[in-house]
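For reference, coords_32.cif is printed below; it contains mmCIF, C-alpha atoms.
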data_input
loop_
_atom_site.label_atom_id
_atom_site.label_comp_id
_atom_site.auth_asym_id
_atom_site.auth_seq_id
_atom_site.Cartn_x
_atom_site.Cartn_y
_atom_site.Cartn_z
CA MET O 1 -9.68 21.30 -24.60
CA SER O 2 -7.45 21.09 -21.54
CA LYS O 3 -3.83 20.40 -22.50
CA ILE O 4 -3.38 18.00 -19.60
CA GLY O 5 -6.91 16.57 -19.66
CA LYS O 6 -6.80 15.46 -23.27
CA LYS O 7 -3.61 13.39 -22.84
CA ILE O 8 -4.30 9.67 -23.00
CA ILE O 9 -3.15 7.60 -20.03
CA SER O 10 -1.52 4.28 -20.85
CA ILE O 11 -2.27 1.51 -18.36
CA PRO O 12 0.62 -0.91 -17.59
CA SER O 13 -0.05 -4.63 -18.00
CA GLN O 14 0.13 -5.36 -14.24
CA VAL O 15 -2.52 -2.69 -13.41
CA THR O 16 -6.29 -3.08 -13.75
CA VAL O 17 -8.60 -0.07 -13.86
CA SER O 18 -12.40 -0.24 -13.55
CA VAL O 19 -15.31 2.10 -12.83
CA VAL O 20 -17.55 0.90 -9.99
CA GLU O 21 -20.45 2.98 -8.60
CA GLY O 22 -18.99 6.38 -9.44
CA GLN O 23 -15.49 5.42 -8.30
CA LEU O 24 -12.40 4.57 -10.32
CA VAL O 25 -10.78 1.48 -8.79
CA THR O 26 -7.08 0.99 -9.60
CA LYS O 27 -5.48 -2.33 -8.63
CA GLY O 28 -1.83 -3.22 -9.02
CA SER O 29 0.99 -5.24 -7.50
CA LYS O 30 1.51 -2.70 -4.69
CA GLY O 31 -2.15 -2.34 -3.65
CA GLU O 32 -5.50 -0.80 -4.51
CA LEU O 33 -6.68 2.83 -4.68
CA LYS O 34 -10.18 4.27 -5.15
CA LEU O 35 -10.95 7.71 -6.57
CA ASN O 36 -14.36 9.42 -6.69
CA ILE O 37 -15.18 10.52 -10.22
CA LEU O 38 -16.43 14.09 -10.55
CA PRO O 39 -19.93 14.29 -12.10
CA ASN O 40 -19.03 16.35 -15.19
CA ILE O 41 -16.14 14.09 -16.28
CA GLU O 42 -16.55 10.95 -18.39
CA ILE O 43 -13.97 8.16 -18.38
CA LYS O 44 -13.46 5.76 -21.30
CA ILE O 45 -11.29 2.66 -20.89
CA GLU O 46 -10.29 1.01 -24.17
CA GLY O 47 -7.79 -1.83 -23.83
CA ASP O 48 -4.66 -0.46 -22.19
CA GLN O 49 -5.58 3.21 -22.67
CA LEU O 50 -7.76 5.54 -20.62
CA SER O 51 -9.15 8.86 -21.85
CA LEU O 52 -11.23 11.56 -20.22
CA SER O 53 -13.80 13.95 -21.64
CA ARG O 54 -16.03 16.59 -20.10
CA LYS O 55 -19.79 16.99 -20.40
CA ASN O 56 -19.87 20.81 -20.63
CA GLU O 57 -17.59 23.81 -21.15
CA GLU O 58 -17.99 25.55 -17.79
CA LYS O 59 -14.84 27.03 -16.25
CA GLN O 60 -14.87 24.70 -13.22
CA THR O 61 -15.43 21.65 -15.41
CA LYS O 62 -12.44 22.59 -17.55
CA ALA O 63 -10.28 22.86 -14.43
CA ASN O 64 -11.56 19.52 -13.09
CA HIS O 65 -10.79 17.83 -16.44
CA GLY O 66 -7.02 18.27 -16.02
CA LEU O 67 -7.23 17.57 -12.28
CA MET O 68 -8.95 14.22 -12.73
CA ARG O 69 -6.47 13.17 -15.40
CA SER O 70 -3.54 13.95 -13.09
CA LEU O 71 -5.11 12.15 -10.11
CA ILE O 72 -5.84 9.05 -12.20
CA ALA O 73 -2.30 9.01 -13.63
CA ASN O 74 -0.89 9.34 -10.09
CA ASN O 75 -3.01 6.40 -8.88
CA ILE O 76 -1.90 4.19 -11.76
CA GLU O 77 1.77 5.08 -11.15
CA GLY O 78 1.35 4.49 -7.40
CA VAL O 79 -0.15 1.00 -7.59
CA ALA O 80 2.45 -0.02 -10.19
CA ASN O 81 5.65 1.42 -8.64
CA ALA O 82 4.81 3.21 -5.34
CA TYR O 83 6.04 6.66 -4.31
CA LYS O 84 9.01 7.44 -2.11
CA LYS O 85 10.28 10.56 -0.32
CA THR O 86 13.64 10.60 1.44
CA LEU O 87 14.39 12.86 4.41
CA LYS O 88 17.79 13.55 5.97
CA LEU O 89 18.44 14.80 9.51
CA ILE O 90 21.30 17.29 9.66
CA GLY O 91 22.64 18.53 12.97
CA THR O 92 24.74 17.44 15.92
CA GLY O 93 22.85 14.80 17.88
CA TYR O 94 19.92 14.59 15.44
CA ARG O 95 19.03 10.90 15.15
CA VAL O 96 16.16 8.70 14.05
CA THR O 97 15.36 5.10 14.96
CA ALA O 98 12.53 2.81 13.94
CA LYS O 99 10.14 2.15 16.80
CA GLY O 100 7.73 -0.56 15.70
CA ALA O 101 6.03 0.78 12.56
CA GLY O 102 6.66 4.40 13.65
CA LEU O 103 9.70 6.55 14.28
CA SER O 104 11.48 7.90 17.33
CA MET O 105 13.62 11.01 16.76
CA THR O 106 16.10 13.07 18.73
CA LEU O 107 15.86 16.61 17.32
CA GLY O 108 17.54 18.82 19.91
CA PHE O 109 14.47 19.11 22.13
CA SER O 110 14.41 18.04 25.78
CA HIS O 111 12.30 15.04 24.78
CA MET O 112 12.15 12.38 22.08
CA VAL O 113 9.76 13.09 19.21
CA GLU O 114 7.54 10.14 18.30
CA VAL O 115 5.99 9.78 14.84
CA LYS O 116 3.04 7.41 14.83
CA PRO O 117 2.57 5.00 11.90
CA VAL O 118 0.13 6.10 9.21
CA THR O 119 -2.07 3.59 7.36
CA GLY O 120 -0.84 3.26 3.78
CA VAL O 121 2.66 4.61 4.49
CA THR O 122 5.77 2.72 5.59
CA PHE O 123 8.93 4.14 7.14
CA LYS O 124 12.41 2.76 6.49
CA VAL O 125 15.39 4.06 8.44
CA GLU O 126 18.83 4.02 6.84
CA GLY O 127 21.73 4.62 9.21
CA ASN O 128 20.71 6.98 11.99
CA ASP O 129 19.94 10.08 9.94
CA VAL O 130 17.96 9.06 6.80
CA VAL O 131 14.25 8.21 6.63
CA HIS O 132 12.45 6.81 3.58
CA VAL O 133 8.68 7.45 3.46
CA GLU O 134 7.00 5.03 1.01
CA GLY O 135 3.43 4.34 -0.12
CA ILE O 136 1.09 4.06 -3.10
CA ASP O 137 -0.86 7.30 -2.52
CA LYS O 138 1.20 10.26 -3.79
CA GLN O 139 -0.70 12.85 -1.74
CA LEU O 140 -0.44 10.86 1.50
CA VAL O 141 3.30 10.15 1.08
CA GLY O 142 3.97 13.85 0.40
CA GLN O 143 1.86 14.98 3.36
CA VAL O 144 3.49 12.57 5.83
CA ALA O 145 6.98 13.59 4.62
CA ALA O 146 6.03 17.28 4.97
CA ASP O 147 4.69 16.66 8.50
CA ILE O 148 7.97 14.98 9.51
CA ARG O 149 9.99 17.82 7.96
CA GLY O 150 7.80 20.30 9.83
CA LEU O 151 8.95 18.90 13.19
CA ARG O 152 12.30 20.65 12.71
CA PRO O 153 12.54 22.52 9.36
CA PRO O 154 16.04 23.53 8.20
CA GLU O 155 17.16 26.80 9.71
CA PRO O 156 18.89 29.37 7.46
CA TYR O 157 22.10 30.04 9.46
CA LEU O 158 23.64 26.60 10.06
CA GLY O 159 21.26 24.47 7.95
CA LYS O 160 20.37 22.20 10.88
CA GLY O 161 17.04 20.39 10.74
CA ILE O 162 15.14 17.86 8.65
CA ARG O 163 15.26 18.32 4.89
CA TYR O 164 14.43 16.41 1.75
CA ILE O 165 17.47 14.59 0.37
CA ASP O 166 17.54 16.77 -2.76
CA GLU O 167 16.63 20.05 -1.01
CA VAL O 168 19.16 22.88 -1.08
CA VAL O 169 19.05 25.27 1.87
CA LYS O 170 20.41 28.72 1.06
CA LYS O 171 22.36 29.83 4.13
CA LYS O 172 22.34 33.39 5.42
CA PRO O 173 25.73 34.95 6.26
CA GLY O 174 24.87 35.98 9.85
CA LYS O 175 25.87 39.16 11.66
CA ALA O 176 29.64 38.43 11.69
CA ALA O 177 29.74 38.72 7.85
CA ALA O 178 27.98 42.12 7.92
CA LYS O 179 31.08 43.91 9.28
#

What is this file in C-alpha coordinates?
Amino acid sequence: MSKIGKKIISIPSQVTVSVVEGQLVTKGSKGELKLNILPNIEIKIEGDQLSLSRKNEEKQTKANHGLMRSLIANNIEGVANAYKKTLKLIGTGYRVTAKGAGLSMTLGFSHMVEVKPVTGVTFKVEGNDVVHVEGIDKQLVGQVAADIRGLRPPEPYLGKGIRYIDEVVKKKPGKAAAK
(Lines of atoms letter the chains of each structure in order from A and count residues from 1; the text may use other names and numbers.)
(Lines give C-alpha, C1' and ligand atoms only; values in the text may rest on other atoms or scores of the structure.)
Protein backbone atom coordinates (compact mmCIF):
# COMPACT_ATOMS: atom_id res chain seq x y z
CA MET A 1 0.00 0.00 0.00
CA SER A 2 1.18 3.52 -0.78
CA LYS A 3 2.08 5.43 2.39
CA ILE A 4 0.50 8.61 1.08
CA GLY A 5 -2.36 6.95 -0.81
CA LYS A 6 -3.72 5.06 2.18
CA LYS A 7 -4.07 8.19 4.36
CA ILE A 8 -7.69 9.16 4.88
CA ILE A 9 -8.66 12.71 3.89
CA SER A 10 -10.96 14.53 6.29
CA ILE A 11 -13.46 16.84 4.60
CA PRO A 12 -14.20 20.14 6.41
CA SER A 13 -17.85 20.96 7.13
CA GLN A 14 -17.97 23.88 4.64
CA VAL A 15 -16.70 21.69 1.74
CA THR A 16 -18.78 19.26 -0.32
CA VAL A 17 -17.17 16.51 -2.40
CA SER A 18 -18.99 14.41 -5.00
CA VAL A 19 -18.15 12.12 -7.91
CA VAL A 20 -19.89 13.10 -11.16
CA GLU A 21 -19.18 11.36 -14.51
CA GLY A 22 -15.61 10.34 -13.73
CA GLN A 23 -14.75 13.67 -12.12
CA LEU A 24 -14.36 14.60 -8.47
CA VAL A 25 -16.18 17.90 -7.87
CA THR A 26 -15.05 19.87 -4.81
CA LYS A 27 -17.15 22.87 -3.75
CA GLY A 28 -16.35 25.25 -0.93
CA SER A 29 -16.68 28.85 0.20
CA LYS A 30 -13.87 30.02 -2.12
CA GLY A 31 -15.07 28.27 -5.29
CA GLU A 32 -15.32 24.98 -7.15
CA LEU A 33 -12.67 22.65 -8.59
CA LYS A 34 -13.01 19.56 -10.80
CA LEU A 35 -10.48 16.74 -11.02
CA ASN A 36 -10.52 13.83 -13.49
CA ILE A 37 -10.33 10.51 -11.66
CA LEU A 38 -7.77 8.06 -13.02
CA PRO A 39 -9.35 4.76 -14.15
CA ASN A 40 -7.49 2.42 -11.77
CA ILE A 41 -8.31 4.43 -8.61
CA GLU A 42 -11.53 4.04 -6.61
CA ILE A 43 -12.83 6.80 -4.34
CA LYS A 44 -15.07 6.15 -1.33
CA ILE A 45 -16.79 9.04 0.45
CA GLU A 46 -18.18 8.16 3.88
CA GLY A 47 -19.54 11.09 5.86
CA ASP A 48 -16.72 13.59 6.35
CA GLN A 49 -13.94 11.21 5.28
CA LEU A 50 -12.62 10.26 1.86
CA SER A 51 -10.45 7.22 1.13
CA LEU A 52 -8.80 5.91 -2.01
CA SER A 53 -8.02 2.38 -3.14
CA ARG A 54 -6.50 0.95 -6.29
CA LYS A 55 -7.87 -1.77 -8.56
CA ASN A 56 -4.55 -3.53 -9.30
CA GLU A 57 -0.93 -3.67 -8.14
CA GLU A 58 0.83 -2.39 -11.27
CA LYS A 59 3.73 0.00 -10.73
CA GLN A 60 2.01 2.95 -12.45
CA THR A 61 -1.20 2.39 -10.51
CA LYS A 62 0.73 2.44 -7.24
CA ALA A 63 2.30 5.76 -8.22
CA ASN A 64 -1.07 7.21 -9.27
CA HIS A 65 -2.61 6.15 -5.94
CA GLY A 66 -0.48 8.61 -3.94
CA LEU A 67 -0.75 11.26 -6.67
CA MET A 68 -4.55 11.24 -6.68
CA ARG A 69 -4.68 11.44 -2.89
CA SER A 70 -2.39 14.50 -2.90
CA LEU A 71 -4.34 16.22 -5.69
CA ILE A 72 -7.67 15.64 -3.92
CA ALA A 73 -6.28 16.92 -0.60
CA ASN A 74 -4.93 20.02 -2.38
CA ASN A 75 -8.34 20.70 -3.97
CA ILE A 76 -10.14 20.37 -0.63
CA GLU A 77 -7.63 22.71 1.05
CA GLY A 78 -7.90 25.19 -1.85
CA VAL A 79 -11.69 25.54 -1.87
CA ALA A 80 -11.72 25.85 1.93
CA ASN A 81 -8.83 28.30 2.50
CA ALA A 82 -7.23 29.25 -0.87
CA TYR A 83 -3.50 29.30 -1.62
CA LYS A 84 -1.22 32.30 -1.52
CA LYS A 85 2.33 33.02 -2.74
CA THR A 86 4.08 36.28 -1.91
CA LEU A 87 6.76 37.81 -4.13
CA LYS A 88 9.09 40.69 -3.27
CA LEU A 89 10.91 42.95 -5.74
CA ILE A 90 14.41 43.83 -4.59
CA GLY A 91 16.51 46.37 -6.46
CA THR A 92 16.83 50.09 -7.05
CA GLY A 93 13.88 51.28 -9.10
CA TYR A 94 12.09 47.91 -9.13
CA ARG A 95 8.39 48.66 -8.64
CA VAL A 96 5.02 47.02 -9.16
CA THR A 97 1.58 48.59 -9.53
CA ALA A 98 -1.84 47.07 -10.06
CA LYS A 99 -3.17 47.75 -13.55
CA GLY A 100 -6.78 46.61 -13.66
CA ALA A 101 -6.73 42.91 -12.74
CA GLY A 102 -3.12 42.56 -13.95
CA LEU A 103 0.24 44.01 -12.96
CA SER A 104 2.59 46.61 -14.38
CA MET A 105 6.24 46.31 -13.30
CA THR A 106 9.41 48.33 -13.64
CA LEU A 107 12.27 45.80 -13.56
CA GLY A 108 15.29 47.67 -14.89
CA PHE A 109 14.42 47.11 -18.55
CA SER A 110 13.88 49.94 -21.03
CA HIS A 111 10.15 49.18 -20.96
CA MET A 112 7.42 48.37 -18.46
CA VAL A 113 6.63 44.67 -18.04
CA GLU A 114 2.92 43.87 -18.11
CA VAL A 115 1.48 40.75 -16.47
CA LYS A 116 -1.94 39.86 -17.80
CA PRO A 117 -4.63 38.60 -15.40
CA VAL A 118 -5.06 34.83 -15.22
CA THR A 119 -8.49 33.24 -14.70
CA GLY A 120 -8.66 31.76 -11.20
CA VAL A 121 -5.80 33.87 -9.80
CA THR A 122 -5.94 37.32 -8.20
CA PHE A 123 -3.09 39.75 -7.64
CA LYS A 124 -2.82 42.06 -4.65
CA VAL A 125 -0.10 44.70 -4.48
CA GLU A 126 1.23 45.80 -1.09
CA GLY A 127 3.34 48.95 -1.13
CA ASN A 128 5.30 49.20 -4.36
CA ASP A 129 7.45 46.09 -4.04
CA VAL A 130 5.29 43.18 -2.76
CA VAL A 131 2.85 41.09 -4.80
CA HIS A 132 0.44 38.49 -3.39
CA VAL A 133 -0.71 35.81 -5.85
CA GLU A 134 -3.89 34.11 -4.56
CA GLY A 135 -6.24 31.40 -5.85
CA ILE A 136 -7.89 28.06 -5.08
CA ASP A 137 -5.83 25.91 -7.48
CA LYS A 138 -2.43 25.15 -5.91
CA GLN A 139 -0.75 24.28 -9.21
CA LEU A 140 -2.02 27.40 -10.98
CA VAL A 141 -1.01 29.75 -8.13
CA GLY A 142 2.48 28.22 -8.03
CA GLN A 143 2.89 28.41 -11.82
CA VAL A 144 1.77 32.05 -12.06
CA ALA A 145 4.10 33.02 -9.17
CA ALA A 146 6.99 31.16 -10.86
CA ASP A 147 6.25 32.92 -14.18
CA ILE A 148 6.36 36.33 -12.46
CA ARG A 149 9.60 35.40 -10.67
CA GLY A 150 11.03 34.27 -14.01
CA LEU A 151 10.70 37.80 -15.43
CA ARG A 152 13.70 38.86 -13.33
CA PRO A 153 15.07 36.02 -11.13
CA PRO A 154 17.40 37.03 -8.28
CA GLU A 155 20.98 37.40 -9.42
CA PRO A 156 23.77 35.95 -7.24
CA TYR A 157 26.04 39.01 -6.81
CA LEU A 158 23.76 41.78 -5.50
CA GLY A 159 20.55 39.74 -4.98
CA LYS A 160 18.48 42.06 -7.20
CA GLY A 161 15.37 40.62 -8.80
CA ILE A 162 12.03 39.07 -7.90
CA ARG A 163 12.05 36.45 -5.16
CA TYR A 164 9.61 34.62 -2.95
CA ILE A 165 9.21 36.35 0.42
CA ASP A 166 10.81 33.41 2.28
CA GLU A 167 13.50 32.68 -0.33
CA VAL A 168 17.14 33.07 0.69
CA VAL A 169 19.56 33.99 -2.09
CA LYS A 170 23.13 32.90 -1.41
CA LYS A 171 25.34 35.71 -2.68
CA LYS A 172 28.64 35.12 -4.45
CA PRO A 173 31.64 37.16 -3.26
CA GLY A 174 32.59 38.59 -6.68
CA LYS A 175 36.07 39.13 -8.10
CA ALA A 176 37.12 41.80 -5.55
CA ALA A 177 36.97 39.19 -2.73
CA ALA A 178 39.20 36.76 -4.67
CA LYS A 179 42.34 38.87 -4.09

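Here, the PyMOL selection byres ((chain O and resi 172) around 10) matches Glu155, Pro156, Tyr157, Leu158, Gly159, Val169, Lys170, Lys171, Pro173, Gly174, Lys175 and Ala177 of chain O.
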
Which residues of stretch 57-108 of chain O come within 12 Å of stretch 127-147 of chain O, and what is each one's closest atom pair and distance in Å (one decimal), counting all atoms listed in the file, sorted by chain and residue number, as JSON lines?
{"residue": "O:Ser70", "atom": "CA", "partner": "O:Lys138", "partner_atom": "CA", "distance": 11.1}
{"residue": "O:Leu71", "atom": "CA", "partner": "O:Lys138", "partner_atom": "CA", "distance": 9.1}
{"residue": "O:Ile72", "atom": "CA", "partner": "O:Asp137", "partner_atom": "CA", "distance": 11.0}
{"residue": "O:Ala73", "atom": "CA", "partner": "O:Lys138", "partner_atom": "CA", "distance": 10.5}
{"residue": "O:Asn74", "atom": "CA", "partner": "O:Lys138", "partner_atom": "CA", "distance": 6.7}
{"residue": "O:Asn75", "atom": "CA", "partner": "O:Asp137", "partner_atom": "CA", "distance": 6.8}
{"residue": "O:Ile76", "atom": "CA", "partner": "O:Ile136", "partner_atom": "CA", "distance": 9.2}
{"residue": "O:Glu77", "atom": "CA", "partner": "O:Ile136", "partner_atom": "CA", "distance": 8.1}
{"residue": "O:Gly78", "atom": "CA", "partner": "O:Ile136", "partner_atom": "CA", "distance": 4.3}
{"residue": "O:Val79", "atom": "CA", "partner": "O:Ile136", "partner_atom": "CA", "distance": 5.6}
{"residue": "O:Ala80", "atom": "CA", "partner": "O:Ile136", "partner_atom": "CA", "distance": 8.3}
{"residue": "O:Asn81", "atom": "CA", "partner": "O:Ile136", "partner_atom": "CA", "distance": 7.6}
{"residue": "O:Ala82", "atom": "CA", "partner": "O:Ile136", "partner_atom": "CA", "distance": 4.4}
{"residue": "O:Tyr83", "atom": "CA", "partner": "O:Gly135", "partner_atom": "CA", "distance": 5.5}
{"residue": "O:Lys84", "atom": "CA", "partner": "O:Glu134", "partner_atom": "CA", "distance": 4.4}
{"residue": "O:Lys85", "atom": "CA", "partner": "O:Val133", "partner_atom": "CA", "distance": 5.1}
{"residue": "O:Thr86", "atom": "CA", "partner": "O:His132", "partner_atom": "CA", "distance": 4.5}
{"residue": "O:Leu87", "atom": "CA", "partner": "O:Val131", "partner_atom": "CA", "distance": 5.2}
{"residue": "O:Lys88", "atom": "CA", "partner": "O:Val130", "partner_atom": "CA", "distance": 4.6}
{"residue": "O:Leu89", "atom": "CA", "partner": "O:Asp129", "partner_atom": "CA", "distance": 5.0}
{"residue": "O:Ile90", "atom": "CA", "partner": "O:Asp129", "partner_atom": "CA", "distance": 7.3}
{"residue": "O:Gly91", "atom": "CA", "partner": "O:Asp129", "partner_atom": "CA", "distance": 9.4}
{"residue": "O:Thr92", "atom": "CA", "partner": "O:Asp129", "partner_atom": "CA", "distance": 10.6}
{"residue": "O:Gly93", "atom": "CA", "partner": "O:Asp129", "partner_atom": "CA", "distance": 9.7}
{"residue": "O:Tyr94", "atom": "CA", "partner": "O:Asp129", "partner_atom": "CA", "distance": 7.1}
{"residue": "O:Arg95", "atom": "CA", "partner": "O:Asn128", "partner_atom": "CA", "distance": 5.3}
{"residue": "O:Val96", "atom": "CA", "partner": "O:Asn128", "partner_atom": "CA", "distance": 5.3}
{"residue": "O:Thr97", "atom": "CA", "partner": "O:Asn128", "partner_atom": "CA", "distance": 6.4}
{"residue": "O:Ala98", "atom": "CA", "partner": "O:Val131", "partner_atom": "CA", "distance": 9.2}
{"residue": "O:Ala101", "atom": "CA", "partner": "O:Val133", "partner_atom": "CA", "distance": 11.6}
{"residue": "O:Gly102", "atom": "CA", "partner": "O:Val133", "partner_atom": "CA", "distance": 10.8}
{"residue": "O:Leu103", "atom": "CA", "partner": "O:Val131", "partner_atom": "CA", "distance": 9.1}
{"residue": "O:Ser104", "atom": "CA", "partner": "O:Asn128", "partner_atom": "CA", "distance": 10.7}
{"residue": "O:Met105", "atom": "CA", "partner": "O:Asp129", "partner_atom": "CA", "distance": 9.3}
{"residue": "O:Thr106", "atom": "CA", "partner": "O:Asp129", "partner_atom": "CA", "distance": 10.0}
{"residue": "O:Leu107", "atom": "CA", "partner": "O:Asp129", "partner_atom": "CA", "distance": 10.7}

How would the residues just chosen look if you wrote them out with C-alpha atoms as a PDB file, keeping the file's coordinate frame?
ATOM      1  CA  SER O  70      -3.540  13.950 -13.090  1.00  0.00           C
ATOM      2  CA  LEU O  71      -5.110  12.150 -10.110  1.00  0.00           C
ATOM      3  CA  ILE O  72      -5.840   9.050 -12.200  1.00  0.00           C
ATOM      4  CA  ALA O  73      -2.300   9.010 -13.630  1.00  0.00           C
ATOM      5  CA  ASN O  74      -0.890   9.340 -10.090  1.00  0.00           C
ATOM      6  CA  ASN O  75      -3.010   6.400  -8.880  1.00  0.00           C
ATOM      7  CA  ILE O  76      -1.900   4.190 -11.760  1.00  0.00           C
ATOM      8  CA  GLU O  77       1.770   5.080 -11.150  1.00  0.00           C
ATOM      9  CA  GLY O  78       1.350   4.490  -7.400  1.00  0.00           C
ATOM     10  CA  VAL O  79      -0.150   1.000  -7.590  1.00  0.00           C
ATOM     11  CA  ALA O  80       2.450  -0.020 -10.190  1.00  0.00           C
ATOM     12  CA  ASN O  81       5.650   1.420  -8.640  1.00  0.00           C
ATOM     13  CA  ALA O  82       4.810   3.210  -5.340  1.00  0.00           C
ATOM     14  CA  TYR O  83       6.040   6.660  -4.310  1.00  0.00           C
ATOM     15  CA  LYS O  84       9.010   7.440  -2.110  1.00  0.00           C
ATOM     16  CA  LYS O  85      10.280  10.560  -0.320  1.00  0.00           C
ATOM     17  CA  THR O  86      13.640  10.600   1.440  1.00  0.00           C
ATOM     18  CA  LEU O  87      14.390  12.860   4.410  1.00  0.00           C
ATOM     19  CA  LYS O  88      17.790  13.550   5.970  1.00  0.00           C
ATOM     20  CA  LEU O  89      18.440  14.800   9.510  1.00  0.00           C
ATOM     21  CA  ILE O  90      21.300  17.290   9.660  1.00  0.00           C
ATOM     22  CA  GLY O  91      22.640  18.530  12.970  1.00  0.00           C
ATOM     23  CA  THR O  92      24.740  17.440  15.920  1.00  0.00           C
ATOM     24  CA  GLY O  93      22.850  14.800  17.880  1.00  0.00           C
ATOM     25  CA  TYR O  94      19.920  14.590  15.440  1.00  0.00           C
ATOM     26  CA  ARG O  95      19.030  10.900  15.150  1.00  0.00           C
ATOM     27  CA  VAL O  96      16.160   8.700  14.050  1.00  0.00           C
ATOM     28  CA  THR O  97      15.360   5.100  14.960  1.00  0.00           C
ATOM     29  CA  ALA O  98      12.530   2.810  13.940  1.00  0.00           C
ATOM     30  CA  ALA O 101       6.030   0.780  12.560  1.00  0.00           C
ATOM     31  CA  GLY O 102       6.660   4.400  13.650  1.00  0.00           C
ATOM     32  CA  LEU O 103       9.700   6.550  14.280  1.00  0.00           C
ATOM     33  CA  SER O 104      11.480   7.900  17.330  1.00  0.00           C
ATOM     34  CA  MET O 105      13.620  11.010  16.760  1.00  0.00           C
ATOM     35  CA  THR O 106      16.100  13.070  18.730  1.00  0.00           C
ATOM     36  CA  LEU O 107      15.860  16.610  17.320  1.00  0.00           C
TER      37      LEU O 107
END

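Within the file as shown, the PyMOL selection byres ((chain O and resi 46-63) around 8) identifies Met1, Ser2, Gly5, Lys6, Lys7, Ile8, Ile9, Ser10, Ile11, Pro12, Ser13, Asn40, Ile41, Glu42, Ile43, Lys44, Ile45, Asn64, His65, Gly66, Leu67 and Arg69 of chain O.
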
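Between atom CA of O:Lys30 and atom CA of O:Pro117 the separation is 18.3 Å.
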
Nearby residues (only C-alpha atoms) at most 8 Å from O:Lys34, same-chain spacing under 6 positions excluded, as a ChimeraX atom specification: /O:23-26

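One finds atom CA of O:Val15 at 22.0 Å from atom CA of O:Leu38.
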
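Closest approach to O:Gly161 from the set O:Phe123, O:Lys3, O:Gly108, O:Glu32 is made by O:Gly108, with distances taken over all atoms listed in the file.
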
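In this structure, atom CA of O:Pro153 sits 23.5 Å away from atom CA of O:Ala176.
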
Top pick for closest residue to O:Ile37, considering O:Ile162, O:Val115, O:Val17, O:Met68 and counting only C-alpha atoms: O:Met68

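Minimum distance to O:Phe109 across O:Arg152, O:Ser18, O:Arg163, O:Pro39 (counting all atoms listed in the file) occurs at O:Arg152.
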